file query_3.cif (mmCIF, C-alpha atoms)
data_target
#
loop_
_atom_site.label_atom_id
_atom_site.label_comp_id
_atom_site.auth_asym_id
_atom_site.auth_seq_id
_atom_site.Cartn_x
_atom_site.Cartn_y
_atom_site.Cartn_z
CA HIS A 7 -74.91 90.57 -47.83
CA THR A 8 -77.43 88.12 -46.45
CA CYS A 9 -77.81 84.37 -46.57
CA GLY A 10 -81.08 82.77 -45.53
CA GLY A 11 -82.23 86.03 -43.99
CA GLU A 12 -79.13 86.34 -41.83
CA GLU A 13 -76.16 88.58 -42.31
CA THR A 14 -73.35 86.85 -44.14
CA PRO A 15 -70.10 86.59 -42.11
CA GLY A 16 -67.27 88.75 -43.39
CA TRP A 17 -65.23 85.79 -44.62
CA LEU A 18 -68.09 84.81 -46.95
CA THR A 19 -68.42 88.23 -48.54
CA PRO A 20 -67.18 88.14 -52.16
CA VAL A 21 -64.04 90.18 -52.75
CA ASP A 22 -64.55 93.48 -54.56
CA ARG A 23 -62.96 92.92 -57.96
CA GLY A 24 -62.76 96.62 -58.87
CA PRO A 25 -59.53 98.68 -58.82
CA GLU A 26 -57.89 98.52 -55.39
CA SER A 27 -56.72 101.55 -53.46
CA PHE A 28 -54.97 99.73 -50.61
CA ASP A 29 -51.81 101.36 -49.28
CA LEU A 30 -49.15 98.66 -49.64
CA GLY A 31 -46.20 101.01 -49.81
CA VAL A 32 -45.66 100.36 -53.53
CA SER A 33 -43.94 102.87 -55.77
CA ALA A 34 -45.70 104.80 -58.52
CA ALA A 35 -44.14 102.45 -61.08
CA ASP A 36 -45.90 99.52 -59.39
CA VAL A 37 -49.37 101.03 -59.29
CA VAL A 38 -50.62 99.58 -62.58
CA VAL A 39 -49.34 96.12 -61.65
CA GLU A 40 -50.89 96.30 -58.18
CA HIS A 41 -54.26 97.48 -59.44
CA ARG A 42 -54.42 94.48 -61.75
CA GLY A 43 -52.84 92.14 -59.26
CA ILE A 44 -53.12 90.96 -55.68
CA ALA A 45 -53.59 93.43 -52.84
CA GLY A 46 -53.41 92.98 -49.08
CA ASP A 47 -57.16 92.58 -48.66
CA HIS A 48 -57.15 89.63 -51.08
CA VAL A 49 -54.56 87.93 -48.87
CA ARG A 50 -56.59 88.59 -45.71
CA GLU A 51 -59.73 87.21 -47.35
CA PHE A 52 -57.93 84.05 -48.45
CA LEU A 53 -56.62 83.42 -44.93
CA ARG A 54 -60.12 83.98 -43.50
CA ARG A 55 -61.38 81.27 -45.83
CA GLU A 56 -58.68 78.84 -44.68
CA LEU A 57 -59.79 79.33 -41.07
CA ALA A 58 -63.48 78.97 -41.95
CA ALA A 59 -62.85 75.76 -43.93
CA ARG A 60 -61.40 74.08 -40.84
CA SER A 61 -64.82 74.02 -39.18
CA ALA A 62 -66.96 73.65 -42.34
CA PRO A 63 -68.81 70.35 -42.99
CA LEU A 64 -66.77 67.88 -45.05
CA LEU A 65 -67.84 67.30 -48.63
CA VAL A 66 -65.45 64.39 -49.23
CA GLU A 67 -62.36 62.93 -47.55
CA GLN A 68 -59.93 60.59 -49.29
CA HIS A 69 -56.18 59.86 -49.06
CA GLY A 70 -55.68 62.69 -46.61
CA ALA A 71 -57.46 65.27 -48.80
CA ARG A 72 -60.43 66.91 -47.06
CA ALA A 73 -62.78 68.97 -49.23
CA SER A 74 -65.43 71.39 -48.03
CA VAL A 75 -67.58 74.14 -49.53
CA LEU A 76 -68.16 77.61 -48.14
CA PRO A 77 -71.32 79.34 -49.42
CA ALA A 78 -70.90 82.87 -50.71
CA ASP A 79 -74.39 84.37 -51.02
CA SER A 80 -75.09 85.11 -54.71
CA ALA A 81 -71.46 84.51 -55.77
CA PRO A 82 -70.04 81.10 -56.78
CA PRO A 83 -69.34 78.78 -53.83
CA ILE A 84 -65.83 78.61 -52.42
CA ILE A 85 -64.22 75.17 -52.82
CA CYS A 86 -61.61 74.35 -50.16
CA VAL A 87 -59.25 71.38 -49.85
CA HIS A 88 -56.84 70.58 -47.01
CA CYS A 89 -54.10 68.02 -47.77
CA ASP A 90 -51.40 66.45 -45.60
CA LEU A 91 -48.39 65.61 -47.75
CA GLY A 92 -45.52 63.30 -46.93
CA VAL A 93 -41.94 64.29 -46.19
CA ALA A 94 -41.01 67.17 -48.47
CA ARG A 95 -39.62 70.69 -48.56
CA SER A 96 -42.36 73.31 -48.71
CA LEU A 97 -40.50 75.22 -51.42
CA ASP A 98 -40.35 72.08 -53.58
CA VAL A 99 -44.14 71.74 -53.27
CA VAL A 100 -44.52 75.38 -54.35
CA LYS A 101 -42.39 74.72 -57.43
CA LEU A 102 -44.47 71.66 -58.32
CA ILE A 103 -47.61 73.80 -58.23
CA ALA A 104 -46.35 77.11 -59.64
CA ASP A 105 -43.64 76.34 -62.19
CA PRO A 106 -45.21 75.58 -65.60
CA LYS A 107 -42.65 72.91 -66.54
CA GLU A 108 -42.96 71.14 -63.18
CA ARG A 109 -46.77 71.39 -63.13
CA LEU A 110 -47.22 69.97 -66.60
CA ALA A 111 -44.89 67.07 -65.78
CA TRP A 112 -47.11 65.68 -62.99
CA ASP A 113 -50.51 67.31 -63.61
CA SER A 114 -50.94 66.91 -67.38
CA ALA A 115 -54.34 65.28 -66.82
CA GLY A 116 -55.59 68.40 -65.06
CA VAL A 117 -53.63 71.21 -66.70
CA ARG A 118 -53.22 71.07 -70.47
CA GLU A 119 -51.34 74.36 -70.85
CA MET A 120 -49.60 76.72 -68.45
CA SER A 121 -47.29 79.63 -69.16
CA VAL A 122 -46.04 82.84 -67.56
CA LEU A 123 -47.26 85.78 -69.63
CA GLU A 124 -45.21 88.40 -67.82
CA SER A 125 -43.16 88.47 -64.62
CA TYR A 126 -42.70 91.63 -62.57
CA GLY A 127 -40.35 90.43 -59.82
CA ASP A 128 -41.15 90.48 -56.11
CA GLY A 129 -43.18 87.28 -56.56
CA ARG A 130 -45.74 88.82 -58.94
CA ASP A 131 -46.63 87.66 -62.43
CA HIS A 132 -49.47 87.04 -64.87
CA ILE A 133 -50.08 83.47 -66.03
CA TYR A 134 -52.19 81.59 -68.57
CA VAL A 135 -53.70 78.23 -67.58
CA ARG A 136 -55.85 75.82 -69.57
CA LEU A 137 -57.70 73.32 -67.38
CA ALA A 138 -58.88 69.94 -68.65
CA THR A 139 -62.59 69.19 -68.31
CA PRO A 140 -64.47 65.94 -69.05
CA TRP A 141 -65.96 65.43 -72.52
CA PRO A 142 -68.25 66.82 -73.92
CA MET A 143 -67.53 70.09 -72.10
CA GLN A 144 -64.97 72.49 -73.47
CA ASP A 145 -61.77 73.07 -71.53
CA ARG A 146 -61.66 76.09 -69.23
CA ASP A 147 -58.86 78.61 -69.46
CA LEU A 148 -57.83 81.50 -67.24
CA VAL A 149 -55.60 84.54 -67.25
CA GLN A 150 -54.54 85.25 -63.69
CA ALA A 151 -52.62 87.76 -61.68
CA ARG A 152 -50.56 85.70 -59.25
CA ARG A 153 -48.46 86.56 -56.23
CA HIS A 154 -46.06 84.41 -54.21
CA LEU A 155 -45.64 85.45 -50.58
CA THR A 156 -43.15 83.85 -48.20
CA THR A 157 -43.02 83.95 -44.40
CA LYS A 158 -41.13 87.26 -44.31
CA ASP A 159 -43.61 89.02 -46.63
CA PHE A 160 -46.68 88.96 -44.39
CA SER A 161 -45.56 91.29 -41.60
CA PRO A 162 -44.80 94.27 -43.92
CA LEU A 163 -48.37 93.94 -45.22
CA GLY A 164 -49.72 94.06 -41.68
CA ILE A 165 -51.02 90.50 -42.03
CA GLU A 166 -50.75 87.90 -39.28
CA LEU A 167 -50.15 84.30 -40.29
CA PRO A 168 -52.60 81.62 -39.10
CA MET A 169 -51.64 80.03 -35.78
CA GLN A 170 -50.52 76.73 -37.37
CA CYS A 171 -48.14 78.61 -39.70
CA ARG A 172 -46.34 80.72 -37.13
CA GLY A 173 -42.69 79.89 -36.69
CA ARG A 174 -42.79 77.59 -39.74
CA GLU A 175 -41.72 78.09 -43.32
CA THR A 176 -44.87 79.20 -45.12
CA HIS A 177 -45.66 80.07 -48.74
CA LEU A 178 -48.84 81.55 -50.16
CA LEU A 179 -49.60 81.42 -53.89
CA ILE A 180 -52.68 83.56 -54.46
CA PHE A 181 -54.39 84.40 -57.73
CA ARG A 182 -57.42 86.01 -59.37
CA SER A 183 -58.58 86.53 -62.94
CA VAL A 184 -57.65 89.73 -64.78
CA PRO A 185 -57.80 90.85 -68.42
CA PHE A 186 -54.55 90.66 -70.35
CA ALA A 187 -54.08 92.07 -73.86
CA THR A 188 -51.87 89.29 -75.22
CA ALA A 189 -54.16 86.48 -74.02
CA PRO A 190 -57.63 87.05 -75.53
CA GLU A 191 -60.41 84.49 -75.28
CA ARG A 192 -60.03 81.41 -77.48
CA ALA A 193 -62.65 79.61 -79.55
CA ASP A 194 -61.64 76.18 -78.21
CA CYS A 195 -62.01 77.12 -74.50
CA VAL A 196 -64.47 78.73 -72.15
CA ARG A 197 -62.80 81.62 -70.33
CA ALA A 198 -63.30 81.00 -66.61
CA ASP A 199 -63.35 83.69 -63.95
CA ALA A 200 -61.34 82.95 -60.82
CA ILE A 201 -62.69 85.44 -58.30
CA LEU A 202 -60.09 84.45 -55.73
CA GLY A 203 -58.00 81.35 -55.13
CA GLY A 204 -54.65 80.07 -54.05
CA TYR A 205 -52.48 77.60 -52.19
CA LEU A 206 -51.16 77.88 -48.62
CA VAL A 207 -48.11 75.65 -48.14
CA THR A 208 -46.67 75.14 -44.64
CA GLN A 209 -43.74 73.04 -43.44
CA ARG A 210 -44.73 70.78 -40.55
CA GLU A 211 -42.57 69.85 -37.59
CA ASP A 212 -42.52 66.17 -38.66
CA GLY A 213 -40.94 67.08 -42.02
CA GLY A 214 -44.18 66.83 -43.94
CA VAL A 215 -46.10 69.63 -45.64
CA SER A 216 -49.63 70.91 -45.07
CA LEU A 217 -51.35 72.21 -48.20
CA PHE A 218 -54.56 74.22 -48.37
CA LEU A 219 -56.24 74.94 -51.71
CA SER A 220 -59.14 77.32 -52.13
CA ALA A 221 -60.82 78.36 -55.38
CA GLN A 222 -63.88 80.48 -56.13
CA MET A 223 -64.60 80.19 -59.84
CA ASP A 224 -67.67 80.88 -61.94
CA THR A 225 -67.33 77.40 -63.50
CA GLY A 226 -66.62 75.60 -60.23
CA LEU A 227 -63.52 73.51 -59.56
CA PRO A 228 -62.83 71.06 -62.42
CA PRO A 229 -62.90 67.41 -61.23
CA SER A 230 -59.38 66.93 -62.55
CA MET A 231 -58.03 69.49 -60.07
CA MET A 232 -59.59 67.67 -57.11
CA ASN A 233 -58.28 64.34 -58.40
CA ASN A 234 -54.77 65.69 -58.62
CA MET A 235 -54.90 67.19 -55.13
CA ARG A 236 -55.75 63.66 -53.96
CA LYS A 237 -52.83 62.41 -56.04
CA LEU A 238 -50.49 64.80 -54.22
CA ALA A 239 -51.96 63.89 -50.85
CA SER A 240 -51.65 60.15 -51.44
CA SER A 241 -47.93 60.45 -52.27
CA ARG A 242 -45.67 59.39 -49.44
CA SER A 243 -43.19 62.06 -50.46
CA VAL A 244 -43.02 64.85 -53.02
#
call {"tool": "encode", "arguments": {"input": "query_3.cif", "output": "structure tokens"}}
result
Amino acid sequence: HTCGGEETPGWLTPVDRGPESFDLGVSAADVVVEHRGIAGDHVREFLRRELAARSAPLLVEQHGARASVLPADSAPPIICVHCDLGVARSLDVVKLIADPKERLAWDSAGVREMSVLESYGDGRDHIYVRLATPWPMQDRDLVQARRHLTTKDFSPLGIELPMQCRGRETHLLIFRSVPFATAPERADCVRADAILGGYLVTQREDGGVSLFLSAQMDTGLPPSMMNNMRKLASSRSV
């Protein structure tokens, strides 16, 4: 890949969305789930983006939320947001983001619908999400394979945590769009394609939580999602 005549750095190269063949030590019964889910290379790519976003030019900064954009050649740009939250438990922040009931309670302006389509255990599931968009545009919806990794899960995958996460409780929620038979496209929404996205949640030494959001979507990041990341960041506690 090239950008402006120069070779694109590896962390900007769009993730191959075809069937994966990574050796993650999964059993034969897990193969179908893994091929439609999140593999080790998706995790590595997400963590490369977190590192790159730290030195990328700021797009906007408000209430502790710092947004930047990473170009991705011919693919949609990668939107990144770093937030510093108040005193909270990192696992509680994960639940606020990932649990449909919790998410709809505080983020109803950004997420109109959210449900788990199927859960496979080991932190893997498929979810449906309908995102609010400003009138007159139609809402965007997504069907996503999602995986929740905790601190202990990275080493077996051969993945090293970023420096600021080492020795601290860390959670990664990572997702990408996949087809799902029981969630076909709807007439009242535009089906979005999330190439790769997720949340990195890390407990800080001062009792607060650092949150990193990254999303690469064909429709961009809806304004409501950015507003609600600012809402989280501006809270003194979660």
call {"tool": "residues_around", "arguments": {"input": "query_3.cif", "residues": "Arg50 in chain A", "least_positions_apart": "4", "cutoff": "7 Å", "atoms": "all atoms listed in the file", "output": "list of chain:residue names"}}
result
A:Gly46, A:Arg54, A:Ile165
call {"tool": "closest_atom_pairs", "arguments": {"input": "query_3.cif", "of": "range 125-207 of chain A", "to": "range 106-115 of chain A", "cutoff": "10 Å", "atoms": "all atoms listed in the file", "output": "Markdown table"}}
result
| residue | atom | partner | partner_atom | distance |
| --- | --- | --- | --- | --- |
| A:Ile133 | CA | A:Pro106 | CA | 9.3 |
| A:Tyr134 | CA | A:Pro106 | CA | 9.7 |
| A:Val135 | CA | A:Pro106 | CA | 9.1 |
| A:Leu137 | CA | A:Ala115 | CA | 8.7 |
| A:Ala138 | CA | A:Ala115 | CA | 6.8 |
| A:Thr139 | CA | A:Ala115 | CA | 9.3 |
call {"tool": "closest_residue", "arguments": {"input": "query_3.cif", "among": "A:Ala200, A:Ala81, A:Val122, A:Leu102", "to": "Arg146 in chain A", "atoms": "all atoms listed in the file"}}
result
A:Ala200
call {"tool": "residues_around", "arguments": {"input": "query_3.cif", "residues": "Ser216 in chain A", "least_positions_apart": "5", "cutoff": "6 Å", "atoms": "only C-alpha atoms", "output": "PyMOL selection string"}}
result
chain A and resi 89-90+207-208
call {"tool": "closest_residue", "arguments": {"input": "query_3.cif", "among": "A:Ala189, A:Ala58, A:Val93, A:Val99", "to": "Leu123 in chain A", "atoms": "all atoms listed in the file"}}
result
A:Ala189
call {"tool": "closest_residue", "arguments": {"input": "query_3.cif", "among": "A:Arg210, A:Met143, A:Cys195, A:Phe181", "to": "Leu155 in chain A", "atoms": "only C-alpha atoms"}}
result
A:Phe181
call {"tool": "resolve_selection", "arguments": {"input": "query_3.cif", "expression": "the PyMOL selection byres ((chain A and resi 163) around 10)", "output": "PyMOL selection string"}}
result
chain A and resi 29-31+45-47+49-50+158-162+164-166
call {"tool": "atom_distance", "arguments": {"input": "query_3.cif", "atom1": "CA of Pro83 in chain A", "atom2": "CA of Ala221 in chain A"}}
result
8.7 Å
call {"tool": "axis_aligned_box", "arguments": {"input": "query_3.cif", "around": "range 177-180 of chain A", "padding_each_side": "6 Å", "output": "JSON"}}
result
{"center_x": -49.2, "center_y": 81.8, "center_z": -51.6, "size_x": 19.0, "size_y": 15.5, "size_z": 17.7}
call {"tool": "atom_distance", "arguments": {"input": "query_3.cif", "atom1": "CA of Gly116 in chain A", "atom2": "CA of Leu219 in chain A"}}
result
14.9 Å
call {"tool": "resolve_selection", "arguments": {"input": "query_3.cif", "expression": "the PyMOL selection byres ((chain A and resi 204) around 9)", "output": "PyMOL selection string"}}
result
chain A and resi 52+152+178-182+202-203+205-206+218-221
call {"tool": "resolve_selection", "arguments": {"input": "query_3.cif", "expression": "the PyMOL selection byres ((chain A and resi 211) around 12)", "output": "count of residues only"}}
result
19
call {"tool": "closest_residue", "arguments": {"input": "query_3.cif", "among": "A:Pro142, A:Gln222, A:Lys101, A:Pro82", "to": "His177 in chain A", "atoms": "all atoms listed in the file"}}
result
A:Lys101
call {"tool": "atom_distance", "arguments": {"input": "query_3.cif", "atom1": "CA of Glu67 in chain A", "atom2": "CA of Arg55 in chain A"}}
result
18.4 Å
call {"tool": "residues_around", "arguments": {"input": "query_3.cif", "residues": "Arg130 in chain A", "least_positions_apart": "3", "cutoff": "8 Å", "atoms": "only C-alpha atoms", "output": "list in words"}}
result
Gly43, Ser125, Tyr126, Gly127, Ala151, Arg152, Arg153 and His154 of chain A
call {"tool": "closest_residue", "arguments": {"input": "query_3.cif", "among": "A:Leu148, A:Val66, A:Val184, A:Ile201", "to": "Asp224 in chain A", "atoms": "all atoms listed in the file"}}
result
A:Ile201
call {"tool": "residues_around", "arguments": {"input": "query_3.cif", "residues": "Ala62 in chain A", "least_positions_apart": "4", "cutoff": "9 Å", "atoms": "only C-alpha atoms", "output": "VMD selection string"}}
result
chain A and resid 58 74 to 76
call {"tool": "closest_residue", "arguments": {"input": "query_3.cif", "among": "A:Ile44, A:Leu167, A:Leu57, A:Ile103", "to": "His132 in chain A", "atoms": "only C-alpha atoms"}}
result
A:Ile44
